[in-house]
$ cat protein.csv   # CSV, C-alpha atoms
chain,number,residue,atom,x,y,z
A,1,MET,CA,-24.7,16.2,-57.7
A,2,ALA,CA,-20.9,15.6,-57.2
A,3,THR,CA,-20.1,19.1,-58.5
A,4,LYS,CA,-22.6,20.7,-56.0
A,5,LYS,CA,-21.1,18.7,-53.1
A,6,VAL,CA,-17.6,19.9,-54.0
A,7,SER,CA,-18.7,23.5,-54.3
A,8,ALA,CA,-20.5,23.3,-51.0
A,9,GLU,CA,-17.4,22.0,-49.3
A,10,LYS,CA,-15.3,24.9,-50.8
A,11,GLU,CA,-17.7,27.4,-49.3
A,12,ILE,CA,-16.2,26.6,-45.8
A,13,THR,CA,-12.8,28.3,-45.9
A,14,VAL,CA,-9.8,27.3,-43.8
A,15,GLU,CA,-10.3,30.5,-41.8
A,16,GLU,CA,-13.9,29.5,-40.9
A,17,LYS,CA,-12.7,26.0,-40.0
A,18,LEU,CA,-10.1,27.4,-37.7
A,19,SER,CA,-12.6,29.9,-36.2
A,20,ASN,CA,-15.2,27.1,-35.5
A,21,LEU,CA,-12.5,24.9,-34.0
A,22,TYR,CA,-11.3,27.7,-31.7
A,23,GLN,CA,-14.8,28.4,-30.6
A,24,LEU,CA,-15.2,24.7,-29.9
A,25,GLN,CA,-12.0,24.8,-27.9
A,26,THR,CA,-13.3,27.7,-25.9
A,27,MET,CA,-16.5,25.8,-25.1
A,28,MET,CA,-14.6,22.7,-24.0
A,29,SER,CA,-12.2,24.8,-21.9
A,30,GLU,CA,-15.2,26.2,-20.0
A,31,ILE,CA,-16.4,22.6,-19.4
A,32,ASP,CA,-13.0,21.7,-18.2
A,33,LYS,CA,-13.1,24.5,-15.7
A,34,ILE,CA,-16.3,23.1,-14.3
A,35,LYS,CA,-14.7,19.7,-14.0
A,36,THR,CA,-11.8,21.3,-12.2
A,37,LEU,CA,-14.2,23.0,-9.8
A,38,ARG,CA,-15.5,19.6,-8.9
A,39,GLY,CA,-11.8,18.7,-8.3
A,40,GLU,CA,-11.0,15.2,-7.1
A,41,LEU,CA,-14.5,14.6,-5.6
A,42,PRO,CA,-15.8,12.2,-8.3
A,43,LEU,CA,-12.6,10.1,-8.0
A,44,GLU,CA,-12.8,10.2,-4.2
A,45,VAL,CA,-16.5,9.1,-4.3
A,46,GLN,CA,-15.6,6.3,-6.7
A,47,ASP,CA,-12.6,5.2,-4.5
A,48,LEU,CA,-14.8,5.1,-1.4
A,49,GLU,CA,-17.5,3.1,-3.2
A,50,ASP,CA,-14.9,0.6,-4.4
A,51,GLU,CA,-13.4,0.4,-0.9
A,52,ILE,CA,-16.8,-0.1,0.7
A,53,ALA,CA,-17.7,-2.8,-1.8
A,54,GLY,CA,-14.4,-4.5,-1.0
A,55,LEU,CA,-15.0,-4.3,2.8
A,56,GLU,CA,-18.5,-5.7,2.4
A,57,THR,CA,-17.2,-8.6,0.3
A,58,ARG,CA,-14.5,-9.4,3.0
A,59,LEU,CA,-17.2,-9.3,5.7
A,60,GLN,CA,-19.4,-11.7,3.7
A,61,ASN,CA,-16.4,-14.0,3.2
A,62,TYR,CA,-15.6,-14.0,7.0
A,63,GLN,CA,-19.2,-14.8,7.8
A,64,THR,CA,-19.1,-17.7,5.3
A,65,GLU,CA,-15.8,-18.9,6.9
A,66,ILE,CA,-17.3,-18.8,10.4
A,67,LYS,CA,-20.2,-21.0,9.2
A,68,GLU,CA,-17.7,-23.4,7.7
A,69,TYR,CA,-15.8,-23.6,11.0
A,70,GLU,CA,-19.0,-24.1,12.9
A,71,ARG,CA,-20.0,-27.0,10.6
A,72,ALA,CA,-16.5,-28.4,11.1
A,73,VAL,CA,-16.9,-28.2,14.9
A,74,VAL,CA,-20.2,-30.2,14.6
A,75,ASP,CA,-18.4,-32.8,12.4
A,76,GLN,CA,-15.7,-33.2,15.1
A,77,LYS,CA,-18.3,-33.5,17.9
A,78,ASN,CA,-20.0,-36.2,15.9
A,79,LYS,CA,-16.6,-38.0,15.6
A,80,ILE,CA,-16.1,-37.7,19.3
A,81,ALA,CA,-19.6,-39.2,19.9
A,82,ASP,CA,-18.8,-42.1,17.5
A,83,SER,CA,-15.4,-42.8,19.1
A,84,THR,CA,-16.9,-42.6,22.6
A,85,ALA,CA,-19.6,-45.1,21.6
A,86,LEU,CA,-17.0,-47.4,20.1
A,87,ILE,CA,-14.9,-47.2,23.2
A,88,GLU,CA,-17.9,-48.2,25.4
A,89,ARG,CA,-18.6,-51.1,23.0
A,90,TYR,CA,-15.0,-52.3,23.0
A,91,LYS,CA,-14.8,-52.0,26.8
A,92,GLY,CA,-17.9,-54.2,27.0
A,93,GLN,CA,-16.2,-56.8,24.8
A,94,LEU,CA,-13.2,-57.0,27.0
A,95,ASP,CA,-15.2,-59.0,29.6
A,96,ASN,CA,-15.8,-61.7,27.0
A,97,VAL,CA,-12.4,-62.1,25.4
A,98,ARG,CA,-11.2,-65.6,24.8
A,99,ASN,CA,-7.4,-65.0,24.4
A,100,ASN,CA,-4.7,-62.4,24.7
A,101,ARG,CA,-4.8,-61.6,21.0
A,102,GLU,CA,-8.4,-60.5,21.2
A,103,PHE,CA,-7.6,-58.5,24.4
A,104,ASP,CA,-4.7,-56.7,22.7
A,105,ASN,CA,-6.7,-55.9,19.6
A,106,LEU,CA,-9.6,-54.4,21.7
A,107,THR,CA,-7.1,-52.5,23.8
A,108,LYS,CA,-5.5,-51.0,20.7
A,109,GLU,CA,-8.9,-50.0,19.3
A,110,ILE,CA,-9.8,-48.3,22.6
A,111,GLU,CA,-6.5,-46.5,22.5
A,112,PHE,CA,-6.9,-45.5,18.9
A,113,GLN,CA,-10.4,-44.1,19.5
A,114,GLY,CA,-9.1,-42.2,22.5
A,115,LEU,CA,-6.5,-40.6,20.2
A,116,GLU,CA,-9.2,-39.8,17.7
A,117,ILE,CA,-11.2,-38.0,20.5
A,118,GLU,CA,-8.1,-36.0,21.5
A,119,PHE,CA,-7.4,-35.0,17.9
A,120,ALA,CA,-11.1,-34.0,17.4
A,121,GLN,CA,-11.0,-31.9,20.6
A,122,LYS,CA,-7.8,-30.2,19.4
A,123,LYS,CA,-9.5,-29.4,16.1
A,124,ILE,CA,-12.5,-28.0,17.9
A,125,ARG,CA,-10.2,-25.7,19.9
A,126,GLU,CA,-8.5,-24.6,16.7
A,127,PHE,CA,-11.8,-23.9,15.0
A,128,GLY,CA,-13.0,-22.0,18.0
A,129,GLU,CA,-10.0,-19.8,18.0
A,130,ALA,CA,-10.4,-19.2,14.3
A,131,VAL,CA,-14.0,-18.2,14.8
A,132,ASN,CA,-13.0,-15.8,17.6
A,133,ASN,CA,-10.3,-14.3,15.4
A,134,LYS,CA,-12.8,-13.9,12.5
A,135,ARG,CA,-15.4,-12.3,14.7
A,136,ALA,CA,-12.8,-9.8,16.1
A,137,GLU,CA,-11.8,-9.0,12.5
A,138,ILE,CA,-15.5,-8.6,11.6
A,139,ASP,CA,-15.9,-6.1,14.5
A,140,ARG,CA,-12.9,-4.2,13.3
A,141,LEU,CA,-13.9,-4.1,9.7
A,142,SER,CA,-17.5,-3.2,10.6
A,143,GLU,CA,-16.2,-0.1,12.4
A,144,VAL,CA,-14.0,0.8,9.4
A,145,LEU,CA,-17.0,0.2,7.1
A,146,ASP,CA,-19.2,2.5,9.1
A,147,GLY,CA,-16.6,5.2,8.9
A,148,ARG,CA,-16.1,4.8,5.2
A,149,LYS,CA,-19.9,5.0,4.7
A,150,ALA,CA,-20.1,8.2,6.6
A,151,ASP,CA,-17.3,9.6,4.5
A,152,LEU,CA,-19.1,8.6,1.3
A,153,VAL,CA,-22.3,10.3,2.4
A,154,GLN,CA,-20.3,13.5,3.1
A,155,LYS,CA,-18.4,13.3,-0.2
A,156,ARG,CA,-21.6,12.6,-2.2
A,157,ASN,CA,-23.3,15.5,-0.6
A,158,GLU,CA,-20.4,17.8,-1.5
A,159,LEU,CA,-20.3,16.5,-5.1
A,160,GLU,CA,-24.1,16.8,-5.5
A,161,GLU,CA,-24.0,20.4,-4.2
A,162,ILE,CA,-21.3,21.3,-6.7
A,163,VAL,CA,-23.0,19.4,-9.6
A,164,SER,CA,-26.3,21.1,-8.9
A,165,GLU,CA,-24.7,24.5,-9.0
A,166,THR,CA,-22.9,23.8,-12.3
A,167,LYS,CA,-25.1,21.2,-14.0
A,168,GLN,CA,-27.3,23.7,-15.9
A,169,GLU,CA,-24.3,25.7,-17.1
A,170,GLU,CA,-22.5,22.6,-18.2
A,171,GLU,CA,-25.5,21.3,-20.1
A,172,LYS,CA,-25.8,24.6,-22.0
A,173,LEU,CA,-22.1,24.5,-22.8
A,174,ARG,CA,-22.3,20.9,-24.0
A,175,GLU,CA,-25.3,21.8,-26.2
A,176,ARG,CA,-23.4,24.7,-27.8
A,177,ALA,CA,-20.3,22.5,-28.2
A,178,LYS,CA,-22.4,19.9,-30.0
A,179,LYS,CA,-23.7,22.4,-32.4
A,180,LEU,CA,-20.2,23.7,-33.1
A,181,GLU,CA,-19.0,20.1,-33.7
A,182,ALA,CA,-21.5,19.8,-36.5
A,183,GLY,CA,-19.8,22.6,-38.3
A,184,VAL,CA,-16.3,21.1,-38.0
A,185,ASP,CA,-14.8,18.8,-40.6
A,186,PRO,CA,-15.1,15.2,-39.3
A,187,ARG,CA,-11.4,14.5,-39.7
A,188,LEU,CA,-10.4,17.8,-38.1
A,189,LEU,CA,-12.8,17.0,-35.2
A,190,THR,CA,-11.3,13.6,-34.7
A,191,ALA,CA,-7.8,15.2,-34.7
A,192,PHE,CA,-9.0,17.9,-32.3
A,193,LYS,CA,-10.4,15.3,-29.8
A,194,ARG,CA,-7.2,13.2,-30.1
A,195,ILE,CA,-5.0,16.2,-29.4
A,196,ARG,CA,-7.1,17.3,-26.4
A,197,LYS,CA,-6.9,13.8,-24.9
A,198,GLY,CA,-3.2,13.9,-25.2
A,199,THR,CA,-2.6,17.2,-23.5
A,200,ARG,CA,-2.7,17.9,-19.8
A,201,ASN,CA,-4.6,21.2,-20.0
A,202,GLY,CA,-7.0,20.0,-22.7
A,203,LEU,CA,-5.9,22.7,-25.2
A,204,ALA,CA,-5.9,21.4,-28.8
A,205,VAL,CA,-6.1,24.9,-30.5
A,206,VAL,CA,-3.9,27.7,-29.3
A,207,TYR,CA,-2.9,31.2,-30.5
A,208,ILE,CA,0.6,32.6,-30.9
A,209,GLN,CA,1.9,34.3,-27.8
A,210,ARG,CA,5.1,36.3,-27.9
A,211,ASP,CA,6.2,34.6,-31.1
A,212,SER,CA,5.7,31.2,-29.4
A,213,CYS,CA,3.2,28.4,-29.4
A,214,GLY,CA,0.5,29.1,-26.8
A,215,GLY,CA,0.5,25.5,-25.8
A,216,CYS,CA,4.2,24.4,-25.3
A,217,PHE,CA,5.7,28.0,-25.6
A,218,ASN,CA,8.4,26.9,-28.1
A,219,LYS,CA,9.5,29.6,-30.5
A,220,ILE,CA,7.7,29.8,-33.9
A,221,PRO,CA,9.8,30.8,-36.9
A,222,PRO,CA,8.7,34.1,-38.5
A,223,GLN,CA,7.8,32.5,-41.8
A,224,LYS,CA,5.5,30.0,-40.1
A,225,GLN,CA,3.9,32.8,-38.1
A,226,MET,CA,3.2,34.6,-41.4
A,227,ASP,CA,1.6,31.4,-42.8
A,228,ILE,CA,-0.6,31.1,-39.6
A,229,LYS,CA,-1.7,34.7,-40.0
A,230,LEU,CA,-2.6,34.1,-43.7
A,231,ARG,CA,-5.1,31.4,-42.6
A,232,LYS,CA,-4.7,29.5,-45.8
A,233,LYS,CA,-4.0,26.1,-44.3
A,234,ILE,CA,-4.2,24.4,-40.9
A,235,ILE,CA,-0.8,24.5,-39.2
A,236,VAL,CA,0.2,22.5,-36.1
A,237,CYS,CA,3.1,23.0,-33.7
A,238,GLU,CA,6.0,20.8,-34.6
A,239,TYR,CA,6.8,20.3,-30.9
A,240,CYS,CA,3.4,19.6,-29.3
A,241,GLY,CA,1.1,18.9,-32.2
A,242,ARG,CA,-1.5,21.6,-31.3
A,243,VAL,CA,-3.4,23.5,-34.0
A,244,MET,CA,-2.1,27.1,-34.1
A,245,ILE,CA,-4.0,30.3,-35.0
A,246,ASP,CA,-3.1,33.9,-34.9
A,247,PRO,CA,-4.2,36.1,-31.9
A,248,GLU,CA,-6.6,38.2,-34.1
A,249,LEU,CA,-8.7,35.1,-35.0
A,250,ALA,CA,-8.8,34.3,-31.3
A,251,GLY,CA,-10.0,37.8,-30.5
A,252,VAL,CA,-6.9,38.7,-28.6
A,253,GLU,CA,-4.5,41.6,-29.2
A,254,ASP,CA,-1.1,40.5,-30.4
$ encode --input "protein.csv" --output "structure tokens"
Amino acid sequence: MATKKVSAEKEITVEEKLSNLYQLQTMMSEIDKIKTLRGELPLEVQDLEDEIAGLETRLQNYQTEIKEYERAVVDQKNKIADSTALIERYKGQLDNVRNNREFDNLTKEIEFQGLEIEFAQKKIREFGEAVNNKRAEIDRLSEVLDGRKADLVQKRNELEEIVSETKQEEEKLRERAKKLEAGVDPRLLTAFKRIRKGTRNGLAVVYIQRDSCGGCFNKIPPQKQMDIKLRKKIIVCEYCGRVMIDPELAGVED
């Protein structure tokens, strides 16, 4: 069984591996073109969705804060009612004082409760101003939110239109790419994906162009060019790390 497995692996030549890999690169480049056609729309849609979620959260927080201020106003009004009742009671007791000490104590209590009422009234004014400020901010944010939602609808429609035009083509390309991946050595496929991820243009396999690497355009020594044309081993560019093939294998005239 082991001998059969080794012989089966040997049936796939380096040239075939390189050819499969370049075909896979071609498929992925086509998919990249479709993504480029969509441009920044997916990111713009995501940014708008995140911004809208943030605005809605802020609005909810403002509503919660307004309710807290309103509860605080009720508490302060209750304090005023309590202090007013105490003042009325203390004033009633003034008519029955027996000495100056009791009179002074009641007078101080009346004065203290008066200060408590003034403090509570001040707090009520502050809370009222805070509520007004929050409501003004809610109005402003609501206007911004409506604008962002309108932008999102527009961007989504644009994206859906482009996606609907290219979806079928992309699905076909991905299906073909998946079949090609099955014919590529797993380690080579992993390296291919890693290189693609690390390059700006998504090219992991390039052919020689004017004696240079088709990816970074650094010059390739003649001997290495000859090794690439022989297709006996997989050779990568010493500058950018891309897999290099000769133009003929890529179906391009040198």
$ atom_distance --input "protein.csv" --atom1 "atom CA of Gly114 of chain A" --atom2 "atom CA of Glu129 of chain A"
22.9 Å
$ residues_around --input "protein.csv" --residues "Phe112 of chain A" --least-positions-apart "6" --cutoff "10 Å" --atoms "only C-alpha atoms" --output "mmCIF file with C-alpha atoms, in the coordinates of the input"
data_model
loop_
_atom_site.group_PDB
_atom_site.id
_atom_site.type_symbol
_atom_site.label_atom_id
_atom_site.label_comp_id
_atom_site.auth_asym_id
_atom_site.auth_seq_id
_atom_site.Cartn_x
_atom_site.Cartn_y
_atom_site.Cartn_z
ATOM 1 C CA SER A 83 -15.400 -42.800 19.100
ATOM 2 C CA ILE A 87 -14.900 -47.200 23.200
ATOM 3 C CA LEU A 106 -9.600 -54.400 21.700
ATOM 4 C CA GLU A 118 -8.100 -36.000 21.500
#
$ residues_around --input "protein.csv" --residues "segment 219-224 of chain A" --least-positions-apart "6" --cutoff "12 Å" --atoms "all atoms listed in the file" --output "JSON, numbers by chain"
{"A": [207, 208, 209, 210, 211, 212, 213, 230, 231, 232, 233, 234, 235, 236, 237, 238, 239, 240, 244, 245, 246]}
$ atom_distance --input "protein.csv" --atom1 "atom CA of Val97 of chain A" --atom2 "atom CA of Ile80 of chain A"
25.4 Å
$ atom_distance --input "protein.csv" --atom1 "atom CA of Leu41 of chain A" --atom2 "atom CA of Ala53 of chain A"
18.1 Å
$ residues_around --input "protein.csv" --residues "Lys33 of chain A" --least-positions-apart "5" --cutoff "12 Å" --atoms "all atoms listed in the file" --output "list in words"
Thr26, Met27, Met28, Arg38, Gly39, Thr166, Glu169, Glu170, Leu173, Asn201 and Gly202 of chain A
$ closest_residue --input "protein.csv" --among "A:Val243, A:Leu24, A:Val45, A:Leu180" --to "Ala204 of chain A" --atoms "only C-alpha atoms"
A:Val243
$ closest_residue --input "protein.csv" --among "A:Pro247, A:Glu171, A:Leu59, A:Asp95" --to "Gly214 of chain A" --atoms "all atoms listed in the file"
A:Pro247
$ closest_atom_pairs --input "protein.csv" --of "segment 51-132 of chain A" --to "segment 137-157 of chain A" --cutoff "10 Å" --atoms "all atoms listed in the file" --output "tab-separated table"
residue	atom	partner	partner_atom	distance
A:Glu51	CA	A:Arg148	CA	8.0
A:Ile52	CA	A:Leu145	CA	6.4
A:Ala53	CA	A:Leu145	CA	9.4
A:Gly54	CA	A:Leu145	CA	9.7
A:Leu55	CA	A:Leu145	CA	6.5
A:Glu56	CA	A:Leu145	CA	7.7
A:Arg58	CA	A:Leu141	CA	8.6
A:Leu59	CA	A:Ile138	CA	6.2
A:Gln60	CA	A:Ile138	CA	9.3
A:Tyr62	CA	A:Ile138	CA	7.1
A:Gln63	CA	A:Ile138	CA	8.2
A:Val131	CA	A:Glu137	CA	9.7
A:Asn132	CA	A:Glu137	CA	8.6
$ residues_near_point --input "protein.csv" --point "(-4.8, 15.1, -32.7)" --cutoff "12 Å" --atoms "all atoms listed in the file" --output "list in words"
Arg187, Leu188, Leu189, Thr190, Ala191, Phe192, Lys193, Arg194, Ile195, Arg196, Lys197, Gly198, Thr199, Gly202, Leu203, Ala204, Val205, Val236, Cys237, Cys240, Gly241, Arg242 and Val243 of chain A
$ residues_around --input "protein.csv" --residues "segment 123-126 of chain A" --least-positions-apart "4" --cutoff "12 Å" --atoms "all atoms listed in the file" --output "PyMOL selection string"
chain A and resi 69-80+116-119+130-133
$ build_atoms --input "protein.csv" --residues "segment 203-228 of chain A" --atoms "N, CA, C and O atoms" --output "short mmCIF file (atom, residue, chain, number, x, y, z; two decimals), in the frame of the given file"
data_model
loop_
_atom_site.label_atom_id
_atom_site.label_comp_id
_atom_site.auth_asym_id
_atom_site.auth_seq_id
_atom_site.Cartn_x
_atom_site.Cartn_y
_atom_site.Cartn_z
N LEU A 203 -5.92 21.68 -24.12
CA LEU A 203 -5.90 22.70 -25.20
C LEU A 203 -5.38 21.99 -26.50
O LEU A 203 -4.26 21.50 -26.57
N ALA A 204 -6.25 22.00 -27.51
CA ALA A 204 -5.90 21.40 -28.80
C ALA A 204 -5.67 22.56 -29.84
O ALA A 204 -5.00 22.37 -30.84
N VAL A 205 -6.26 23.74 -29.58
CA VAL A 205 -6.10 24.90 -30.50
C VAL A 205 -5.59 26.05 -29.62
O VAL A 205 -6.18 26.41 -28.60
N VAL A 206 -4.47 26.61 -30.03
CA VAL A 206 -3.90 27.70 -29.30
C VAL A 206 -3.47 28.84 -30.24
O VAL A 206 -3.27 28.60 -31.43
N TYR A 207 -3.36 30.04 -29.71
CA TYR A 207 -2.90 31.20 -30.50
C TYR A 207 -1.47 31.54 -30.19
O TYR A 207 -0.97 31.21 -29.13
N ILE A 208 -0.84 32.25 -31.10
CA ILE A 208 0.60 32.60 -30.90
C ILE A 208 0.66 33.65 -29.78
O ILE A 208 -0.10 34.62 -29.73
N GLN A 209 1.62 33.41 -28.90
CA GLN A 209 1.90 34.30 -27.80
C GLN A 209 3.36 34.65 -27.73
O GLN A 209 4.17 33.74 -27.56
N ARG A 210 3.68 35.91 -27.93
CA ARG A 210 5.10 36.30 -27.90
C ARG A 210 5.95 35.50 -28.83
O ARG A 210 7.00 35.01 -28.43
N ASP A 211 5.47 35.35 -30.02
CA ASP A 211 6.20 34.60 -31.10
C ASP A 211 6.39 33.13 -30.72
O ASP A 211 7.29 32.47 -31.25
N SER A 212 5.55 32.62 -29.83
CA SER A 212 5.70 31.20 -29.40
C SER A 212 4.35 30.51 -29.45
O SER A 212 3.29 31.15 -29.50
N CYS A 213 4.41 29.20 -29.45
CA CYS A 213 3.20 28.40 -29.40
C CYS A 213 2.52 28.61 -28.05
O CYS A 213 3.16 28.56 -27.00
N GLY A 214 1.21 28.86 -28.07
CA GLY A 214 0.50 29.10 -26.80
C GLY A 214 0.25 27.86 -26.01
O GLY A 214 -0.30 27.95 -24.91
N GLY A 215 0.70 26.71 -26.51
CA GLY A 215 0.50 25.50 -25.80
C GLY A 215 1.81 25.03 -25.07
O GLY A 215 1.83 24.80 -23.86
N CYS A 216 2.89 24.92 -25.86
CA CYS A 216 4.20 24.40 -25.30
C CYS A 216 5.19 25.56 -25.15
O CYS A 216 6.27 25.34 -24.59
N PHE A 217 4.88 26.77 -25.71
CA PHE A 217 5.70 28.00 -25.60
C PHE A 217 7.08 27.84 -26.26
O PHE A 217 8.03 28.51 -25.88
N ASN A 218 7.16 26.95 -27.26
CA ASN A 218 8.40 26.90 -28.10
C ASN A 218 8.27 27.99 -29.16
O ASN A 218 7.18 28.31 -29.65
N LYS A 219 9.42 28.55 -29.51
CA LYS A 219 9.50 29.60 -30.50
C LYS A 219 8.98 29.16 -31.87
O LYS A 219 9.28 28.04 -32.29
N ILE A 220 8.25 30.06 -32.56
CA ILE A 220 7.70 29.80 -33.90
C ILE A 220 8.52 30.62 -34.89
O ILE A 220 8.59 31.85 -34.72
N PRO A 221 9.10 30.03 -35.93
CA PRO A 221 9.80 30.80 -36.90
C PRO A 221 8.95 31.88 -37.58
O PRO A 221 7.74 31.66 -37.74
N PRO A 222 9.51 33.02 -37.94
CA PRO A 222 8.70 34.10 -38.50
C PRO A 222 7.91 33.71 -39.75
O PRO A 222 6.77 34.13 -39.90
N GLN A 223 8.51 32.88 -40.63
CA GLN A 223 7.80 32.50 -41.80
C GLN A 223 6.54 31.66 -41.48
O GLN A 223 5.46 31.85 -42.06
N LYS A 224 6.66 30.78 -40.48
CA LYS A 224 5.50 30.00 -40.10
C LYS A 224 4.45 30.88 -39.42
O LYS A 224 3.25 30.66 -39.60
N GLN A 225 4.90 31.89 -38.68
CA GLN A 225 3.90 32.80 -38.10
C GLN A 225 3.16 33.55 -39.20
O GLN A 225 1.95 33.76 -39.08
N MET A 226 3.86 33.90 -40.25
CA MET A 226 3.20 34.60 -41.40
C MET A 226 2.17 33.63 -42.02
O MET A 226 1.05 34.04 -42.34
N ASP A 227 2.53 32.33 -42.18
CA ASP A 227 1.60 31.40 -42.80
C ASP A 227 0.36 31.19 -41.88
O ASP A 227 -0.76 31.05 -42.39
N ILE A 228 0.57 31.23 -40.58
CA ILE A 228 -0.60 31.10 -39.60
C ILE A 228 -1.50 32.30 -39.78
O ILE A 228 -2.73 32.14 -39.80
#
